2 protein chains.
Amino acid sequence: MPNAVVLLSGGLDSATCLAIARAAGFDCHALSFDYGQRHDVELESARKVAAALGAREHKIARIDLRLFGGSALTDDIAVPKGRSVEDMAGEIPVTYVPARNTIFLSYALAYAEVREANHIFIGVNAVDYSGYPDCRPEYIEAFQAMANLATRRWVAGPQRLVIETPLINLTKAEIIRRGLELGVDYGLTVSCYDPDETGAACGECDSCQLRRRGFEAAGAPDPTRYRP
Amino acid sequence: MPNAVVLLSGGLDSATCLAIARAAGFDCHALSFDYGQRHDVELESARKVAAALGAREHKIARIDLRLFGGSALTDDIAVPKGRSVEDMAGEIPVTYVPARNTIFLSYALAYAEVREANHIFIGVNAVDYSGYPDCRPEYIEAFQAMANLATRRWVAGPQRLVIETPLINLTKAEIIRRGLELGVDYGLTVSCYDPDETGAACGECDSCQLRRRGFEAAGAPDPTRYRP
């Protein structure tokens, strides 16, 4: 089986992405980041998902995104609550973290080179929520072009590094249906930007609203544990 | 003064790069990495250089490049000694670190966005020693193109992010002459891949040989402290 590196956050999208990579026949090397999230719940979810979906290896890189500041996910800035999905459209939210996917993909590139993996999977999505510039297809294409010039393996060899984005054109409901077909247990995943210490979701942040609406549109029961 | 982020390793090239950025009128925000180097000597040099050349701020990001392995600079692989400069030409050495400049530039991108700096300076050089794929102009251009698609500041605004590589077409002797004109104290810098704990250089690794030959060709006294 060829190797792949799969970025895994503990959320719904990246869990589906890992399941898709496994179903496509890849030996998956999962990579998560401890970047000063407010709670450890995300990494615990990532560990459970990696094990449940049969990743061969799961690395957690500690990176200090708080060093520079500039985001509600790493600083003491309130996460917005109660916005409708329509309110979110087209706007870059305060949960934006500067250069986050670029940093994540750069680490994945190093990991891929060492493991001789020609494929990096990332669960970015440009449909439901297009507020993040580093989730767009033109960004992913530019990263891939840069990566093939950056590294010994792909400069020297005939093979190419491919950034795989199987979710990029799917709605949240389509992602959930695909994951359920592949046996993903979404009860293991956490999407909330503001979970409590037990992992229970707030139900009101942008991410909770998109997730809840996705399960409704997919016609599937929502296994999310919301706090009372 | 406009802001710039300057990658600073503690070596000769990045010190010159910082001096050039200062002379060009930038308010410089220096960025170094603690990535599990064998010795702390590099970071100590970076601190001294940042202070001596008037950087406004100096951040040190801790990143764990040993997590994946794959390089003599982070693993227990012997650094080559005694190779002539001609022997080095065109070959990617064991001191290559997978995706290193991509990871460094990604952090610099986050820092630049938060500090509203439209310029990132990196002291890469494609002349004396072209063994690293991530020191070539085509790589730098590809990174810049990607970066301008990746981040809120440069997607939203009229300004562009520019990766500045003032050393890329200079020989080592030209770099040293330029730095001396600008008052760089090269006695503060360390280039050796294998310094002892006092910072004394081995004199025999690729980096020491290029540096020594550079001072000779520049007709300048070599302030490097070599070990006996």
# chains A, B, ... in the order shown; residues from 1 in each chain; ligands from 1
call {"tool": "closest_atom_pairs", "arguments": {"of": "chain B", "to": "chain A", "cutoff": "7 Å", "atoms": "only C-alpha atoms", "output": "JSON lines"}}
result
{"residue": "B:Ala61", "atom": "CA", "partner": "A:Asp64", "partner_atom": "CA", "distance": 6.9}
{"residue": "B:Arg62", "atom": "CA", "partner": "A:Ile63", "partner_atom": "CA", "distance": 7.0}
{"residue": "B:Ile63", "atom": "CA", "partner": "A:Ile63", "partner_atom": "CA", "distance": 5.9}
{"residue": "B:Asp64", "atom": "CA", "partner": "A:Ala61", "partner_atom": "CA", "distance": 6.9}
{"residue": "B:Phe68", "atom": "CA", "partner": "A:Tyr111", "partner_atom": "CA", "distance": 5.7}
{"residue": "B:Gly70", "atom": "CA", "partner": "A:Val114", "partner_atom": "CA", "distance": 5.9}
{"residue": "B:Pro98", "atom": "CA", "partner": "A:Ala110", "partner_atom": "CA", "distance": 4.9}
{"residue": "B:Ala99", "atom": "CA", "partner": "A:Ala110", "partner_atom": "CA", "distance": 5.0}
{"residue": "B:Thr102", "atom": "CA", "partner": "A:Ser106", "partner_atom": "CA", "distance": 6.0}
{"residue": "B:Ile103", "atom": "CA", "partner": "A:Ser106", "partner_atom": "CA", "distance": 5.3}
{"residue": "B:Ser106", "atom": "CA", "partner": "A:Ile103", "partner_atom": "CA", "distance": 5.3}
{"residue": "B:Tyr107", "atom": "CA", "partner": "A:Ile103", "partner_atom": "CA", "distance": 6.6}
{"residue": "B:Leu109", "atom": "CA", "partner": "A:Ala99", "partner_atom": "CA", "distance": 6.4}
{"residue": "B:Ala110", "atom": "CA", "partner": "A:Pro98", "partner_atom": "CA", "distance": 4.9}
{"residue": "B:Tyr111", "atom": "CA", "partner": "A:Phe68", "partner_atom": "CA", "distance": 5.7}
{"residue": "B:Glu113", "atom": "CA", "partner": "A:Pro98", "partner_atom": "CA", "distance": 6.6}
{"residue": "B:Val114", "atom": "CA", "partner": "A:Gly70", "partner_atom": "CA", "distance": 5.9}
{"residue": "B:Pro133", "atom": "CA", "partner": "A:Ala150", "partner_atom": "CA", "distance": 5.5}
{"residue": "B:Asp134", "atom": "CA", "partner": "A:Ala150", "partner_atom": "CA", "distance": 4.7}
{"residue": "B:Tyr139", "atom": "CA", "partner": "A:Leu149", "partner_atom": "CA", "distance": 5.4}
{"residue": "B:Ala142", "atom": "CA", "partner": "A:Met146", "partner_atom": "CA", "distance": 4.8}
{"residue": "B:Phe143", "atom": "CA", "partner": "A:Met146", "partner_atom": "CA", "distance": 5.6}
{"residue": "B:Ala145", "atom": "CA", "partner": "A:Ala142", "partner_atom": "CA", "distance": 6.8}
{"residue": "B:Met146", "atom": "CA", "partner": "A:Ala142", "partner_atom": "CA", "distance": 4.8}
{"residue": "B:Leu149", "atom": "CA", "partner": "A:Tyr139", "partner_atom": "CA", "distance": 5.4}
{"residue": "B:Ala150", "atom": "CA", "partner": "A:Asp134", "partner_atom": "CA", "distance": 4.7}
{"residue": "B:Thr151", "atom": "CA", "partner": "A:Pro133", "partner_atom": "CA", "distance": 6.0}
{"residue": "B:Arg152", "atom": "CA", "partner": "A:Pro133", "partner_atom": "CA", "distance": 6.4}
call {"tool": "select_by_dssp", "arguments": {"residues": "range 1-165 of chain B", "states": "alpha helix (DSSP H)", "output": "mmCIF file with C-alpha atoms, in the first residue's frame"}}
result
data_model
loop_
_atom_site.group_PDB
_atom_site.id
_atom_site.type_symbol
_atom_site.label_atom_id
_atom_site.label_comp_id
_atom_site.auth_asym_id
_atom_site.auth_seq_id
_atom_site.Cartn_x
_atom_site.Cartn_y
_atom_site.Cartn_z
ATOM 1 C CA LEU B 12 26.888 34.816 8.487
ATOM 2 C CA ASP B 13 24.294 35.018 5.719
ATOM 3 C CA SER B 14 21.239 35.873 7.818
ATOM 4 C CA ALA B 15 23.212 38.472 9.811
ATOM 5 C CA THR B 16 24.112 40.183 6.537
ATOM 6 C CA CYS B 17 20.498 39.933 5.453
ATOM 7 C CA LEU B 18 19.351 41.708 8.633
ATOM 8 C CA ALA B 19 21.937 44.475 8.075
ATOM 9 C CA ILE B 20 20.685 44.927 4.495
ATOM 10 C CA ALA B 21 17.060 45.099 5.648
ATOM 11 C CA ARG B 22 17.961 47.727 8.265
ATOM 12 C CA ALA B 23 19.956 49.759 5.721
ATOM 13 C CA VAL B 41 25.337 28.239 20.222
ATOM 14 C CA GLU B 42 23.350 29.220 17.115
ATOM 15 C CA LEU B 43 20.519 30.790 19.109
ATOM 16 C CA GLU B 44 22.953 32.649 21.351
ATOM 17 C CA SER B 45 24.583 34.080 18.202
ATOM 18 C CA ALA B 46 21.175 35.030 16.811
ATOM 19 C CA ARG B 47 20.362 36.937 20.020
ATOM 20 C CA LYS B 48 23.643 38.868 19.874
ATOM 21 C CA VAL B 49 23.254 39.669 16.171
ATOM 22 C CA ALA B 50 19.633 40.852 16.608
ATOM 23 C CA ALA B 51 20.715 43.204 19.404
ATOM 24 C CA ALA B 52 23.857 44.460 17.629
ATOM 25 C CA VAL B 85 34.003 23.191 -1.994
ATOM 26 C CA GLU B 86 34.173 21.514 -5.414
ATOM 27 C CA ASP B 87 33.058 18.178 -3.882
ATOM 28 C CA MET B 88 29.899 19.837 -2.558
ATOM 29 C CA ARG B 100 13.047 23.361 6.520
ATOM 30 C CA ASN B 101 12.816 26.649 4.657
ATOM 31 C CA THR B 102 9.130 25.967 3.931
ATOM 32 C CA ILE B 103 8.444 25.571 7.649
ATOM 33 C CA PHE B 104 10.573 28.634 8.503
ATOM 34 C CA LEU B 105 8.876 30.807 5.873
ATOM 35 C CA SER B 106 5.427 29.599 6.985
ATOM 36 C CA TYR B 107 6.083 30.841 10.519
ATOM 37 C CA ALA B 108 7.517 34.066 9.091
ATOM 38 C CA LEU B 109 4.302 34.458 7.108
ATOM 39 C CA ALA B 110 2.181 34.215 10.265
ATOM 40 C CA TYR B 111 4.470 36.687 12.042
ATOM 41 C CA ALA B 112 4.388 39.086 9.067
ATOM 42 C CA GLU B 113 0.603 39.026 8.938
ATOM 43 C CA VAL B 114 0.249 39.807 12.645
ATOM 44 C CA ARG B 115 2.866 42.613 12.481
ATOM 45 C CA PRO B 137 14.874 31.364 -6.956
ATOM 46 C CA GLU B 138 12.087 29.216 -8.474
ATOM 47 C CA TYR B 139 11.265 27.856 -5.028
ATOM 48 C CA ILE B 140 11.167 31.347 -3.487
ATOM 49 C CA GLU B 141 8.895 32.620 -6.276
ATOM 50 C CA ALA B 142 6.530 29.685 -5.767
ATOM 51 C CA PHE B 143 6.412 30.297 -2.013
ATOM 52 C CA GLN B 144 5.608 33.971 -2.558
ATOM 53 C CA ALA B 145 2.794 33.116 -4.983
ATOM 54 C CA MET B 146 1.330 30.636 -2.483
ATOM 55 C CA ALA B 147 1.674 33.064 0.441
ATOM 56 C CA ASN B 148 -0.290 35.774 -1.337
ATOM 57 C CA LEU B 149 -3.211 33.330 -1.669
ATOM 58 C CA ALA B 150 -2.924 31.966 1.883
ATOM 59 C CA ARG B 152 -6.211 37.361 5.100
ATOM 60 C CA ARG B 153 -4.000 40.447 4.781
ATOM 61 C CA TRP B 154 -2.778 39.799 1.250
ATOM 62 C CA VAL B 155 -5.983 38.268 -0.104
ATOM 63 C CA ALA B 156 -8.093 41.171 1.162
#
call {"tool": "residues_around", "arguments": {"residues": "range 206-214 of chain B", "least_positions_apart": "4", "cutoff": "9 Å", "atoms": "only C-alpha atoms", "output": "PyMOL selection string"}}
result
chain B and resi 12+79-85+88+128-129+171-176+191-193+201-202+218-220+222+224
call {"tool": "write_last_selection", "arguments": {"atoms": "N, CA and C atoms", "output": "PDB file, in the first residue's frame"}}
result
ATOM      1  N   LEU B  12      26.350  33.657   9.218  1.00  0.00           N
ATOM      2  CA  LEU B  12      26.888  34.816   8.487  1.00  0.00           C
ATOM      3  C   LEU B  12      25.862  35.403   7.511  1.00  0.00           C
ATOM      4  N   VAL B  79      28.088  14.628  10.519  1.00  0.00           N
ATOM      5  CA  VAL B  79      28.214  15.726   9.559  1.00  0.00           C
ATOM      6  C   VAL B  79      29.503  15.493   8.753  1.00  0.00           C
ATOM      7  N   PRO B  80      29.458  15.597   7.412  1.00  0.00           N
ATOM      8  CA  PRO B  80      30.682  15.345   6.634  1.00  0.00           C
ATOM      9  C   PRO B  80      31.760  16.388   6.926  1.00  0.00           C
ATOM     10  N   LYS B  81      33.001  15.928   6.950  1.00  0.00           N
ATOM     11  CA  LYS B  81      34.137  16.807   7.225  1.00  0.00           C
ATOM     12  C   LYS B  81      35.183  16.663   6.119  1.00  0.00           C
ATOM     13  N   GLY B  82      35.869  17.761   5.845  1.00  0.00           N
ATOM     14  CA  GLY B  82      37.032  17.716   4.968  1.00  0.00           C
ATOM     15  C   GLY B  82      36.729  17.670   3.483  1.00  0.00           C
ATOM     16  N   ARG B  83      35.446  17.863   3.094  1.00  0.00           N
ATOM     17  CA  ARG B  83      35.144  17.898   1.660  1.00  0.00           C
ATOM     18  C   ARG B  83      35.569  19.243   1.087  1.00  0.00           C
ATOM     19  N   SER B  84      36.076  19.235  -0.130  1.00  0.00           N
ATOM     20  CA  SER B  84      36.412  20.510  -0.749  1.00  0.00           C
ATOM     21  C   SER B  84      35.127  21.159  -1.247  1.00  0.00           C
ATOM     22  N   VAL B  85      35.171  22.470  -1.496  1.00  0.00           N
ATOM     23  CA  VAL B  85      34.003  23.191  -1.994  1.00  0.00           C
ATOM     24  C   VAL B  85      33.558  22.587  -3.331  1.00  0.00           C
ATOM     25  N   MET B  88      31.268  19.584  -3.030  1.00  0.00           N
ATOM     26  CA  MET B  88      29.899  19.837  -2.558  1.00  0.00           C
ATOM     27  C   MET B  88      28.939  20.138  -3.706  1.00  0.00           C
ATOM     28  N   ASP B 128      27.168  29.983  -4.243  1.00  0.00           N
ATOM     29  CA  ASP B 128      28.288  29.207  -3.723  1.00  0.00           C
ATOM     30  C   ASP B 128      27.942  27.741  -3.557  1.00  0.00           C
ATOM     31  N   TYR B 129      26.675  27.479  -3.270  1.00  0.00           N
ATOM     32  CA  TYR B 129      26.338  26.145  -2.784  1.00  0.00           C
ATOM     33  C   TYR B 129      24.875  25.892  -3.115  1.00  0.00           C
ATOM     34  N   THR B 171      28.158  35.862  -4.335  1.00  0.00           N
ATOM     35  CA  THR B 171      29.123  34.886  -3.829  1.00  0.00           C
ATOM     36  C   THR B 171      29.327  35.135  -2.336  1.00  0.00           C
ATOM     37  N   LYS B 172      29.936  34.161  -1.656  1.00  0.00           N
ATOM     38  CA  LYS B 172      30.196  34.331  -0.216  1.00  0.00           C
ATOM     39  C   LYS B 172      31.080  35.565   0.020  1.00  0.00           C
ATOM     40  N   ALA B 173      32.051  35.782  -0.858  1.00  0.00           N
ATOM     41  CA  ALA B 173      32.940  36.945  -0.697  1.00  0.00           C
ATOM     42  C   ALA B 173      32.154  38.247  -0.854  1.00  0.00           C
ATOM     43  N   GLU B 174      31.241  38.280  -1.802  1.00  0.00           N
ATOM     44  CA  GLU B 174      30.429  39.490  -1.993  1.00  0.00           C
ATOM     45  C   GLU B 174      29.517  39.738  -0.785  1.00  0.00           C
ATOM     46  N   ILE B 175      28.973  38.656  -0.220  1.00  0.00           N
ATOM     47  CA  ILE B 175      28.132  38.783   0.978  1.00  0.00           C
ATOM     48  C   ILE B 175      28.951  39.403   2.115  1.00  0.00           C
ATOM     49  N   ILE B 176      30.156  38.885   2.310  1.00  0.00           N
ATOM     50  CA  ILE B 176      31.013  39.370   3.404  1.00  0.00           C
ATOM     51  C   ILE B 176      31.406  40.834   3.178  1.00  0.00           C
ATOM     52  N   SER B 191      28.806  29.780  11.867  1.00  0.00           N
ATOM     53  CA  SER B 191      28.350  29.070  10.673  1.00  0.00           C
ATOM     54  C   SER B 191      28.509  27.557  10.794  1.00  0.00           C
ATOM     55  N   CYS B 192      29.369  27.115  11.711  1.00  0.00           N
ATOM     56  CA  CYS B 192      29.755  25.695  11.788  1.00  0.00           C
ATOM     57  C   CYS B 192      28.566  24.783  12.061  1.00  0.00           C
ATOM     58  N   TYR B 193      28.522  23.636  11.349  1.00  0.00           N
ATOM     59  CA  TYR B 193      27.495  22.617  11.605  1.00  0.00           C
ATOM     60  C   TYR B 193      27.785  21.819  12.875  1.00  0.00           C
ATOM     61  N   ALA B 201      34.420  26.830  16.157  1.00  0.00           N
ATOM     62  CA  ALA B 201      34.076  26.119  14.922  1.00  0.00           C
ATOM     63  C   ALA B 201      35.037  24.976  14.644  1.00  0.00           C
ATOM     64  N   CYS B 202      34.540  23.940  13.934  1.00  0.00           N
ATOM     65  CA  CYS B 202      35.389  22.780  13.636  1.00  0.00           C
ATOM     66  C   CYS B 202      36.384  23.078  12.517  1.00  0.00           C
ATOM     67  N   ALA B 218      37.308  37.525  -0.053  1.00  0.00           N
ATOM     68  CA  ALA B 218      36.939  38.922   0.204  1.00  0.00           C
ATOM     69  C   ALA B 218      38.155  39.754   0.613  1.00  0.00           C
ATOM     70  N   GLY B 219      39.280  39.081   0.882  1.00  0.00           N
ATOM     71  CA  GLY B 219      40.469  39.801   1.340  1.00  0.00           C
ATOM     72  C   GLY B 219      40.275  40.415   2.713  1.00  0.00           C
ATOM     73  N   ALA B 220      39.450  39.749   3.534  1.00  0.00           N
ATOM     74  CA  ALA B 220      39.152  40.282   4.871  1.00  0.00           C
ATOM     75  C   ALA B 220      39.639  39.297   5.926  1.00  0.00           C
ATOM     76  N   ASP B 222      39.503  36.764   8.867  1.00  0.00           N
ATOM     77  CA  ASP B 222      38.453  35.836   9.296  1.00  0.00           C
ATOM     78  C   ASP B 222      38.361  35.873  10.824  1.00  0.00           C
ATOM     79  N   THR B 224      36.484  34.184  12.744  1.00  0.00           N
ATOM     80  CA  THR B 224      35.968  32.935  13.309  1.00  0.00           C
ATOM     81  C   THR B 224      36.934  32.371  14.349  1.00  0.00           C
TER      82      THR B 224
END
call {"tool": "atom_distance", "arguments": {"atom1": "CA of Cys28 in chain B", "atom2": "CA of Asn3 in chain B"}}
result
6.0 Å
call {"tool": "select_by_dssp", "arguments": {"residues": "range 66-195 of chain A", "states": "strand (DSSP E or B)", "output": "list in words"}}
result
Lys81, His119, Ile120, Phe121, Val162, Ile163 and Glu164 of chain A
